$ cat structure.cif   # mmCIF, C-alpha atoms
data_upload
#
loop_
_atom_site.label_atom_id
_atom_site.label_comp_id
_atom_site.auth_asym_id
_atom_site.auth_seq_id
_atom_site.Cartn_x
_atom_site.Cartn_y
_atom_site.Cartn_z
CA MET M 201 15.37 -2.54 77.08
CA LEU M 202 14.43 -6.22 77.15
CA TYR M 203 17.33 -8.44 76.13
CA ILE M 204 16.45 -11.09 73.56
CA PRO M 205 19.17 -13.63 72.79
CA PHE M 206 20.64 -13.31 69.27
CA PHE M 207 18.23 -10.53 68.19
CA SER M 208 19.50 -8.04 70.76
CA ARG M 209 22.94 -7.99 69.16
CA LEU M 210 21.66 -5.17 66.90
CA SER M 211 19.65 -2.10 67.82
CA LEU M 212 16.21 -1.26 66.45
CA SER M 213 17.66 1.42 64.15
CA GLU M 214 20.13 -1.13 62.79
CA TYR M 215 17.33 -3.53 61.94
CA GLN M 216 15.44 -0.69 60.26
CA GLY M 217 18.50 0.10 58.17
CA MET M 218 18.89 -3.54 57.20
CA LEU M 219 15.24 -3.71 56.14
CA ILE M 220 15.46 -0.58 53.98
CA ALA M 221 18.68 -1.77 52.37
CA ALA M 222 17.17 -5.21 51.70
CA LEU M 223 14.12 -3.62 50.07
CA PHE M 224 16.36 -1.47 47.90
CA PHE M 225 18.35 -4.43 46.58
CA ILE M 226 15.20 -6.50 46.04
CA VAL M 227 13.55 -3.72 44.01
CA GLU M 228 16.76 -3.15 42.05
CA LYS M 229 17.05 -6.84 41.15
CA LEU M 230 13.38 -6.98 40.11
CA LEU M 231 13.91 -3.95 37.87
CA ARG M 232 16.92 -5.60 36.29
CA VAL M 233 14.95 -8.77 35.53
CA PHE M 234 12.08 -6.68 34.16
CA LEU M 235 14.33 -4.66 31.84
CA ILE M 236 16.01 -7.80 30.54
CA PHE M 237 12.72 -8.95 29.03
CA ILE M 238 11.11 -5.54 28.32
CA PRO M 239 13.12 -3.23 26.03
CA THR M 240 14.15 0.02 27.69
CA GLU M 241 12.91 2.00 24.70
CA LEU M 242 9.41 0.59 25.17
CA VAL M 243 9.38 1.59 28.84
CA ILE M 244 10.57 5.10 27.99
CA ASP M 245 7.80 5.53 25.43
CA TYR M 246 5.18 5.07 28.16
CA LEU M 247 6.76 7.47 30.65
CA PRO M 248 5.43 11.06 30.79
CA ALA M 249 7.42 13.68 28.90
CA TRP M 250 8.10 15.80 31.98
CA VAL M 251 10.35 13.06 33.36
CA PHE M 252 12.87 13.68 30.59
CA SER M 253 12.42 17.37 29.80
CA GLN M 254 14.82 18.58 32.48
CA PHE M 255 17.50 15.97 31.66
CA LYS M 256 18.02 16.67 27.95
CA VAL M 257 21.61 16.89 26.75
CA PRO M 258 22.25 20.45 25.55
CA ARG M 259 23.33 20.96 21.99
CA ILE M 260 27.02 21.79 21.51
CA PHE M 261 27.38 25.18 19.89
CA GLY M 262 30.38 26.81 18.25
CA ALA M 263 32.61 25.55 15.46
CA ASP M 264 35.72 26.32 17.51
CA ARG M 265 34.81 23.85 20.24
CA GLU M 266 37.08 20.79 20.26
CA ALA M 267 34.53 18.73 22.19
CA GLU M 268 32.38 17.72 19.25
CA SER M 269 29.54 15.23 19.32
CA GLU M 270 31.93 12.39 18.48
CA LEU M 271 33.20 12.51 22.05
CA LEU M 272 29.71 11.60 23.25
CA ASP M 273 30.15 8.19 21.65
CA ASP M 274 31.32 5.29 23.77
CA PHE M 275 35.06 5.56 24.28
CA ASN M 276 35.65 2.50 26.41
CA LEU M 277 39.43 2.56 26.58
CA PHE M 278 42.11 5.05 27.58
CA ALA M 279 43.81 4.47 24.23
CA GLU M 280 40.68 5.52 22.34
CA ILE M 281 40.53 8.79 24.24
CA MET M 282 44.21 9.41 23.49
CA GLU M 283 43.69 8.78 19.80
CA TYR M 284 40.75 11.19 19.75
CA TRP M 285 42.86 13.97 21.26
CA ARG M 286 45.91 12.90 19.16
CA TYR M 287 48.36 12.28 22.00
CA PRO M 288 51.14 9.67 21.72
CA HIS M 289 50.87 7.15 24.51
CA GLU M 290 52.10 3.85 25.89
CA ASP M 291 50.52 1.11 27.97
CA HIS M 292 52.75 -0.50 30.62
CA LEU M 293 52.20 -3.62 32.71
CA VAL M 294 53.64 -3.85 36.22
CA GLU M 295 53.60 -7.01 38.32
CA THR M 296 53.28 -6.60 42.08
CA ARG M 297 54.98 -8.89 44.57
CA ASP M 298 51.64 -10.53 45.38
CA GLY M 299 50.81 -11.30 41.75
CA PHE M 300 48.56 -8.49 40.50
CA ILE M 301 49.21 -7.10 37.02
CA LEU M 302 48.72 -3.35 37.12
CA GLY M 303 48.03 -1.43 33.93
CA ILE M 304 49.50 2.08 33.82
CA HIS M 305 49.47 4.66 31.03
CA ARG M 306 52.04 7.12 29.77
CA ILE M 307 51.57 10.21 27.64
CA THR M 308 54.91 10.38 25.86
CA GLY M 309 54.78 13.78 24.20
CA LYS M 310 52.86 16.76 22.96
CA ARG M 311 49.77 16.65 20.83
CA ARG M 312 50.25 15.57 17.23
CA SER M 313 48.91 17.55 14.31
CA ALA M 314 45.93 16.07 12.49
CA SER M 315 48.08 14.92 9.55
CA LEU M 316 50.60 13.18 11.77
CA ALA M 317 47.85 11.58 13.83
CA SER M 318 46.32 9.94 10.77
CA SER M 319 49.63 8.45 9.62
CA HIS M 320 50.98 7.42 13.02
CA ALA M 321 47.82 6.46 14.91
CA ASN M 322 49.00 2.91 15.44
CA SER M 323 52.78 3.23 15.35
CA GLU M 324 53.19 5.47 18.40
CA ALA M 325 50.91 3.56 20.74
CA GLY M 326 51.95 0.21 22.07
CA LEU M 327 52.61 -2.09 24.99
CA ALA M 328 55.87 -1.27 26.77
CA LEU M 329 57.14 -3.76 29.31
CA SER M 330 60.72 -2.56 29.72
CA GLY M 331 63.33 -0.24 28.32
CA ARG M 332 64.48 3.18 29.45
CA THR M 333 64.04 6.25 27.29
CA GLY M 334 67.20 8.00 26.19
CA GLY M 335 68.28 11.60 26.75
CA THR M 336 67.82 13.87 29.72
CA PRO M 337 64.78 12.82 31.75
CA LYS M 338 61.83 15.16 31.68
CA PRO M 339 60.09 16.04 34.96
CA VAL M 340 57.79 13.13 35.77
CA VAL M 341 54.26 13.37 37.14
CA LEU M 342 52.00 10.49 38.22
CA PHE M 343 48.21 10.79 38.46
CA TRP M 344 46.17 8.39 40.59
CA HIS M 345 42.39 8.03 40.60
CA GLY M 346 39.91 7.72 43.45
CA PHE M 347 37.58 5.03 44.78
CA MET M 348 35.88 2.86 42.11
CA LEU M 349 37.50 4.88 39.32
CA SER M 350 40.25 4.39 36.75
CA SER M 351 42.84 6.52 34.97
CA GLU M 352 40.15 7.60 32.48
CA CYS M 353 38.67 10.02 35.03
CA PHE M 354 41.54 12.45 34.42
CA VAL M 355 41.12 12.66 30.63
CA CYS M 356 37.37 12.45 29.96
CA HIS M 357 36.46 16.15 30.08
CA PRO M 358 34.93 17.58 26.87
CA ASP M 359 37.29 20.59 26.78
CA TRP M 360 41.01 20.09 26.17
CA ILE M 361 41.93 23.13 28.23
CA ASN M 362 40.46 21.52 31.36
CA ILE M 363 42.38 18.23 31.07
CA LEU M 364 45.38 18.63 33.36
CA PRO M 365 47.44 15.65 32.07
CA PHE M 366 47.32 17.16 28.56
CA ARG M 367 48.31 20.61 29.82
CA LEU M 368 51.30 19.11 31.61
CA ALA M 369 52.29 17.06 28.55
CA GLU M 370 52.30 20.28 26.51
CA ALA M 371 54.45 21.92 29.20
CA GLY M 372 57.09 19.22 28.78
CA TYR M 373 56.22 16.78 31.58
CA ASP M 374 56.46 13.01 31.29
CA VAL M 375 52.89 12.15 32.30
CA TRP M 376 51.87 8.81 33.81
CA LEU M 377 48.52 7.58 35.10
CA GLY M 378 48.22 4.71 37.57
CA ASN M 379 45.48 2.15 38.19
CA SER M 380 44.70 0.34 41.43
CA ARG M 381 44.36 -3.44 41.53
CA GLY M 382 40.98 -4.79 40.50
CA ASN M 383 39.87 -2.01 38.16
CA LYS M 384 39.45 -2.43 34.40
CA TYR M 385 43.15 -1.89 33.64
CA SER M 386 44.46 -3.95 36.58
CA TYR M 387 42.06 -6.87 36.28
CA LYS M 388 44.60 -9.72 36.08
CA HIS M 389 46.53 -11.83 38.54
CA THR M 390 49.25 -14.43 38.02
CA LYS M 391 47.38 -17.04 40.11
CA PHE M 392 43.73 -16.03 40.57
CA VAL M 393 40.92 -15.11 38.20
CA PRO M 394 38.27 -12.47 39.05
CA SER M 395 35.68 -15.18 39.73
CA ASP M 396 37.90 -16.44 42.58
CA ARG M 397 37.15 -14.82 45.94
CA ARG M 398 40.88 -14.69 46.66
CA PHE M 399 41.33 -12.24 43.77
CA TRP M 400 39.26 -9.67 45.72
CA ASN M 401 40.90 -10.27 49.08
CA PHE M 402 42.50 -6.82 49.31
CA SER M 403 41.82 -3.40 50.79
CA ILE M 404 43.33 0.06 50.56
CA ASP M 405 46.24 -1.24 52.66
CA GLU M 406 47.51 -3.38 49.78
CA ILE M 407 47.03 -0.49 47.35
CA ALA M 408 49.07 1.83 49.58
CA ASN M 409 51.71 -0.68 50.63
CA ILE M 410 52.22 -2.45 47.30
CA ASP M 411 50.55 -0.86 44.25
CA VAL M 412 51.76 2.70 44.76
CA PRO M 413 55.45 1.93 45.55
CA THR M 414 55.63 -0.72 42.80
CA THR M 415 54.21 1.67 40.22
CA ILE M 416 56.53 4.50 41.26
CA ASP M 417 59.59 2.23 41.12
CA HIS M 418 58.63 1.13 37.60
CA ILE M 419 58.17 4.70 36.41
CA LEU M 420 61.50 5.89 37.85
CA ASP M 421 63.27 2.91 36.32
CA GLU M 422 61.70 3.59 32.91
CA THR M 423 62.42 7.31 32.90
CA GLY M 424 65.73 7.44 34.73
CA ALA M 425 64.37 10.19 36.98
CA GLN M 426 65.30 10.33 40.66
CA SER M 427 61.83 11.37 41.85
CA LEU M 428 58.40 12.33 40.59
CA THR M 429 55.38 14.49 41.39
CA TYR M 430 52.30 12.62 42.59
CA ILE M 431 48.81 14.02 41.95
CA GLY M 432 46.07 12.03 43.64
CA PHE M 433 42.31 12.43 43.72
CA SER M 434 40.13 11.42 46.68
CA GLN M 435 41.15 7.87 47.66
CA GLY M 436 44.22 8.42 45.50
CA THR M 437 45.33 10.90 48.18
CA THR M 438 44.45 8.59 51.07
CA GLN M 439 46.65 5.80 49.77
CA MET M 440 49.57 8.20 49.33
CA PHE M 441 49.17 9.58 52.86
CA MET M 442 49.34 5.97 54.03
CA ALA M 443 52.25 5.03 51.76
CA LEU M 444 54.42 8.00 52.75
CA SER M 445 53.78 7.45 56.45
CA ARG M 446 54.74 3.77 56.25
CA ASN M 447 57.49 3.73 53.64
CA ARG M 448 60.42 6.00 54.50
CA GLU M 449 62.26 5.17 51.29
CA LEU M 450 59.26 6.27 49.22
CA ASN M 451 59.54 9.82 50.60
CA SER M 452 62.78 10.35 48.71
CA LYS M 453 61.11 9.28 45.46
CA VAL M 454 58.23 11.78 45.63
CA ASN M 455 59.31 15.42 45.30
CA HIS M 456 55.80 16.89 45.39
CA PHE M 457 52.49 15.44 46.57
CA ILE M 458 49.41 17.29 45.31
CA ALA M 459 46.18 16.14 46.98
CA LEU M 460 42.97 16.88 45.03
CA ALA M 461 39.84 16.52 47.20
CA PRO M 462 41.94 14.82 49.91
CA ALA M 463 40.23 12.12 51.93
CA SER M 464 41.50 11.07 55.34
CA THR M 465 38.84 10.75 58.07
CA PRO M 466 35.34 10.88 56.53
CA ARG M 467 32.86 13.06 58.40
CA GLY M 468 29.95 10.87 57.39
CA PHE M 469 27.43 10.70 54.58
CA HIS M 470 24.56 13.07 53.87
CA ASN M 471 22.03 10.25 54.18
CA SER M 472 21.75 8.79 57.68
CA ILE M 473 20.94 5.27 56.47
CA VAL M 474 23.95 5.14 54.16
CA ASP M 475 26.09 6.68 56.90
CA TYR M 476 25.04 3.92 59.25
CA PHE M 477 26.10 1.16 56.89
CA THR M 478 29.54 2.67 56.28
CA LYS M 479 30.10 2.73 60.04
CA ALA M 480 28.66 -0.71 60.69
CA THR M 481 30.63 -3.90 61.11
CA PRO M 482 32.36 -5.45 58.07
CA GLN M 483 29.88 -8.31 58.26
CA MET M 484 27.08 -5.84 57.48
CA LEU M 485 28.85 -4.61 54.34
CA TYR M 486 29.58 -8.17 53.22
CA LEU M 487 25.90 -9.03 53.71
CA LEU M 488 24.87 -6.20 51.38
CA PHE M 489 27.64 -6.19 48.78
CA GLY M 490 29.13 -9.68 48.94
CA ARG M 491 32.83 -10.41 49.39
CA ARG M 492 34.10 -9.64 45.92
CA ARG M 493 33.43 -6.66 43.64
CA ALA M 494 31.78 -3.58 45.08
CA MET M 495 28.61 -2.34 43.37
CA SER M 496 29.03 -4.46 40.24
CA LEU M 497 25.37 -3.75 39.41
CA VAL M 498 26.42 -0.29 38.16
CA TYR M 499 27.66 -1.75 34.85
CA PHE M 500 24.18 -3.10 34.12
CA TRP M 501 22.59 0.33 34.50
CA ILE M 502 25.34 2.07 32.53
CA ASN M 503 24.60 -0.16 29.55
CA MET M 504 20.83 -0.22 30.04
CA LEU M 505 19.83 3.39 30.70
CA PRO M 506 19.90 6.17 28.10
CA ARG M 507 22.78 8.55 28.71
CA ASP M 508 20.70 11.44 30.05
CA LEU M 509 18.75 9.22 32.44
CA TYR M 510 21.94 7.64 33.71
CA VAL M 511 23.31 11.11 34.41
CA ALA M 512 20.13 12.02 36.31
CA ALA M 513 20.33 8.79 38.34
CA LEU M 514 23.96 9.40 39.23
CA ASP M 515 23.22 13.00 40.21
CA PHE M 516 20.53 11.70 42.56
CA CYS M 517 22.91 9.15 44.10
CA VAL M 518 25.62 11.76 44.63
CA TYR M 519 23.13 14.05 46.35
CA LEU M 520 21.86 11.17 48.46
CA LEU M 521 25.37 10.22 49.59
CA PHE M 522 27.09 13.58 49.95
CA GLY M 523 24.48 16.31 49.53
CA TRP M 524 26.24 17.63 46.39
CA THR M 525 24.09 19.33 43.74
CA MET M 526 26.67 19.08 40.90
CA ARG M 527 25.53 22.43 39.52
CA ASN M 528 29.09 23.41 38.66
CA MET M 529 29.18 20.77 35.88
CA SER M 530 27.40 21.17 32.56
CA GLN M 531 25.15 18.42 31.24
CA GLU M 532 27.60 17.92 28.38
CA THR M 533 30.47 17.34 30.81
CA LYS M 534 28.39 14.95 32.91
CA CYS M 535 27.34 12.88 29.89
CA ILE M 536 30.99 12.32 29.02
CA ALA M 537 32.59 12.12 32.46
CA TYR M 538 29.94 10.00 34.19
CA TRP M 539 30.40 7.31 31.55
CA HIS M 540 33.93 6.71 32.86
CA LEU M 541 33.36 7.13 36.59
CA TYR M 542 32.88 3.52 37.65
CA SER M 543 35.38 0.69 37.72
CA TYR M 544 35.69 -2.42 39.86
CA THR M 545 37.29 -2.60 43.27
CA SER M 546 37.04 -4.89 46.28
CA VAL M 547 34.26 -4.59 48.85
CA LYS M 548 37.02 -4.57 51.50
CA ALA M 549 38.27 -1.27 50.03
CA ILE M 550 35.08 0.43 51.25
#
$ encode --input "structure.cif" --output "structure tokens"
Amino acid sequence: MLYIPFFSRLSLSEYQGMLIAALFFIVEKLLRVFLIFIPTELVIDYLPAWVFSQFKVPRIFGADREAESELLDDFNLFAEIMEYWRYPHEDHLVETRDGFILGIHRITGKRRSASLASSHANSEAGLALSGRTGGTPKPVVLFWHGFMLSSECFVCHPDWINILPFRLAEAGYDVWLGNSRGNKYSYKHTKFVPSDRRFWNFSIDEIANIDVPTTIDHILDETGAQSLTYIGFSQGTTQMFMALSRNRELNSKVNHFIALAPASTPRGFHNSIVDYFTKATPQMLYLLFGRRRAMSLVYFWINMLPRDLYVAALDFCVYLLFGWTMRNMSQETKCIAYWHLYSYTSVKAI
């Protein structure tokens, strides 16, 4: 093949991938500008009915169902979800050695009755920075979310029986939920603000080497327990594999490690174009996503699209990336869970 200075640094397929990606981002930005000036409701009125017929949210039947229509409203905070399900909880702040302020959550006991919940809704929830609980320590379990998620992903199912942290709280466990630096609950730093590029200068290495051990040390200090059980999901498993392999002392503080959908060496994406970009040089990713927050455009579409259309769009993206059909989830579950699936992280964490 003829060598052309500068241009021959990339192959023809790489240039094709760049062109397709550039077209995607251009079209997406144009759509965003268009929807800023044209109300979404007006656009929907002119779309054919068949576009929406297959994406309707099914009606919730049965008076004995605890997942009533109220849960379909916007619960934007972990505390709001806890108050809905009537669980006592605490919010803790943990400072890492490099200045990040991590927000972690604690479910402190079993579910309150409706009468107690109404009288103690505000008194049992609070911000706890220090202080050890008295008495014999309960067995401690720590949940950790996956890539571009937050602690909400573990508690946003419409059925109580399918929410593992609640089941463990009822069984007598001291339940904690961690949050990686940069997401909505760990969005502060002692020196840098999110608009500063230095705030986003981290990868999964810092999460594994700093966030996980720091959070575990805080939890053991608060509870007085010698060790805890760690339950991670997706990237939450990857960071623990890394942390345990690098930190010998941490191994004595984790008595069980449960890996849900463990991620170690990815086999590749379902879509060849997307797969190419994930395997390309870091410069390629920075060109597409910038050097700060990854996929920050998602928040625009969450707030702009009707719930059922957002679910359909996310289903399409999941199929495009991984080939998953998501048929094992009901539309009701998707409408609730998908609303909590995205939170900020650094582009370098990709």
$ atom_distance --input "structure.cif" --atom1 "atom CA of Ile550 of chain M" --atom2 "atom CA of Ala408 of chain M"
14.2 Å
$ resolve_selection --input "structure.cif" --expression "the PyMOL selection byres ((chain M and resi 302-312) around 6)" --output "list in words"
Arg286, Tyr287, Pro288, His289, Glu290, Asp291, His292, Leu293, Val294, Ile301, Ser313, Leu316, Ala317, Ala369, Glu370, Val375, Trp376, Leu377, Gly378, Asn379, Tyr385 and Ser386 of chain M
$ atom_distance --input "structure.cif" --atom1 "atom CA of Thr545 of chain M" --atom2 "atom CA of Gly382 of chain M"
5.1 Å
$ resolve_selection --input "structure.cif" --expression "the PyMOL selection byres ((chain M and resi 456) around 7)" --output "list in words"
Thr429, Tyr430, Val454, Asn455, Phe457 and Ile458 of chain M
$ write_last_selection --input "structure.cif" --atoms "C-alpha atoms" --output "PDB file, in the coordinates of the input"
ATOM      1  CA  THR M 429      55.380  14.490  41.390  1.00  0.00           C
ATOM      2  CA  TYR M 430      52.300  12.620  42.590  1.00  0.00           C
ATOM      3  CA  VAL M 454      58.230  11.780  45.630  1.00  0.00           C
ATOM      4  CA  ASN M 455      59.310  15.420  45.300  1.00  0.00           C
ATOM      5  CA  PHE M 457      52.490  15.440  46.570  1.00  0.00           C
ATOM      6  CA  ILE M 458      49.410  17.290  45.310  1.00  0.00           C
TER       7      ILE M 458
END
$ atom_distance --input "structure.cif" --atom1 "atom CA of Leu420 of chain M" --atom2 "atom CA of His389 of chain M"
23.2 Å
$ residues_near_point --input "structure.cif" --point "(46.1, -10.0, 36.9)" --cutoff "12 Å" --atoms "only C-alpha atoms" --output "PyMOL selection string"
chain M and resi 293-303+380-396+399-400
$ resolve_selection --input "structure.cif" --expression "the PyMOL selection byres ((chain M and resi 338) around 9)" --output "MDAnalysis selection string"
chainID M and resid 335:337 339:340 372:374 423 425
$ closest_residue --input "structure.cif" --among "M:Val412, M:Ala463, M:Ile431, M:Val233" --to "Leu450 of chain M" --atoms "only C-alpha atoms"
M:Val412
$ axis_aligned_box --input "structure.cif" --around "segment 283-286 of chain M" --padding-each-side "5 Å" --output "lines of an AutoDock Vina configuration file"
center_x = 43.3
center_y = 11.4
center_z = 20.2
size_x = 15.2
size_y = 15.2
size_z = 12.1
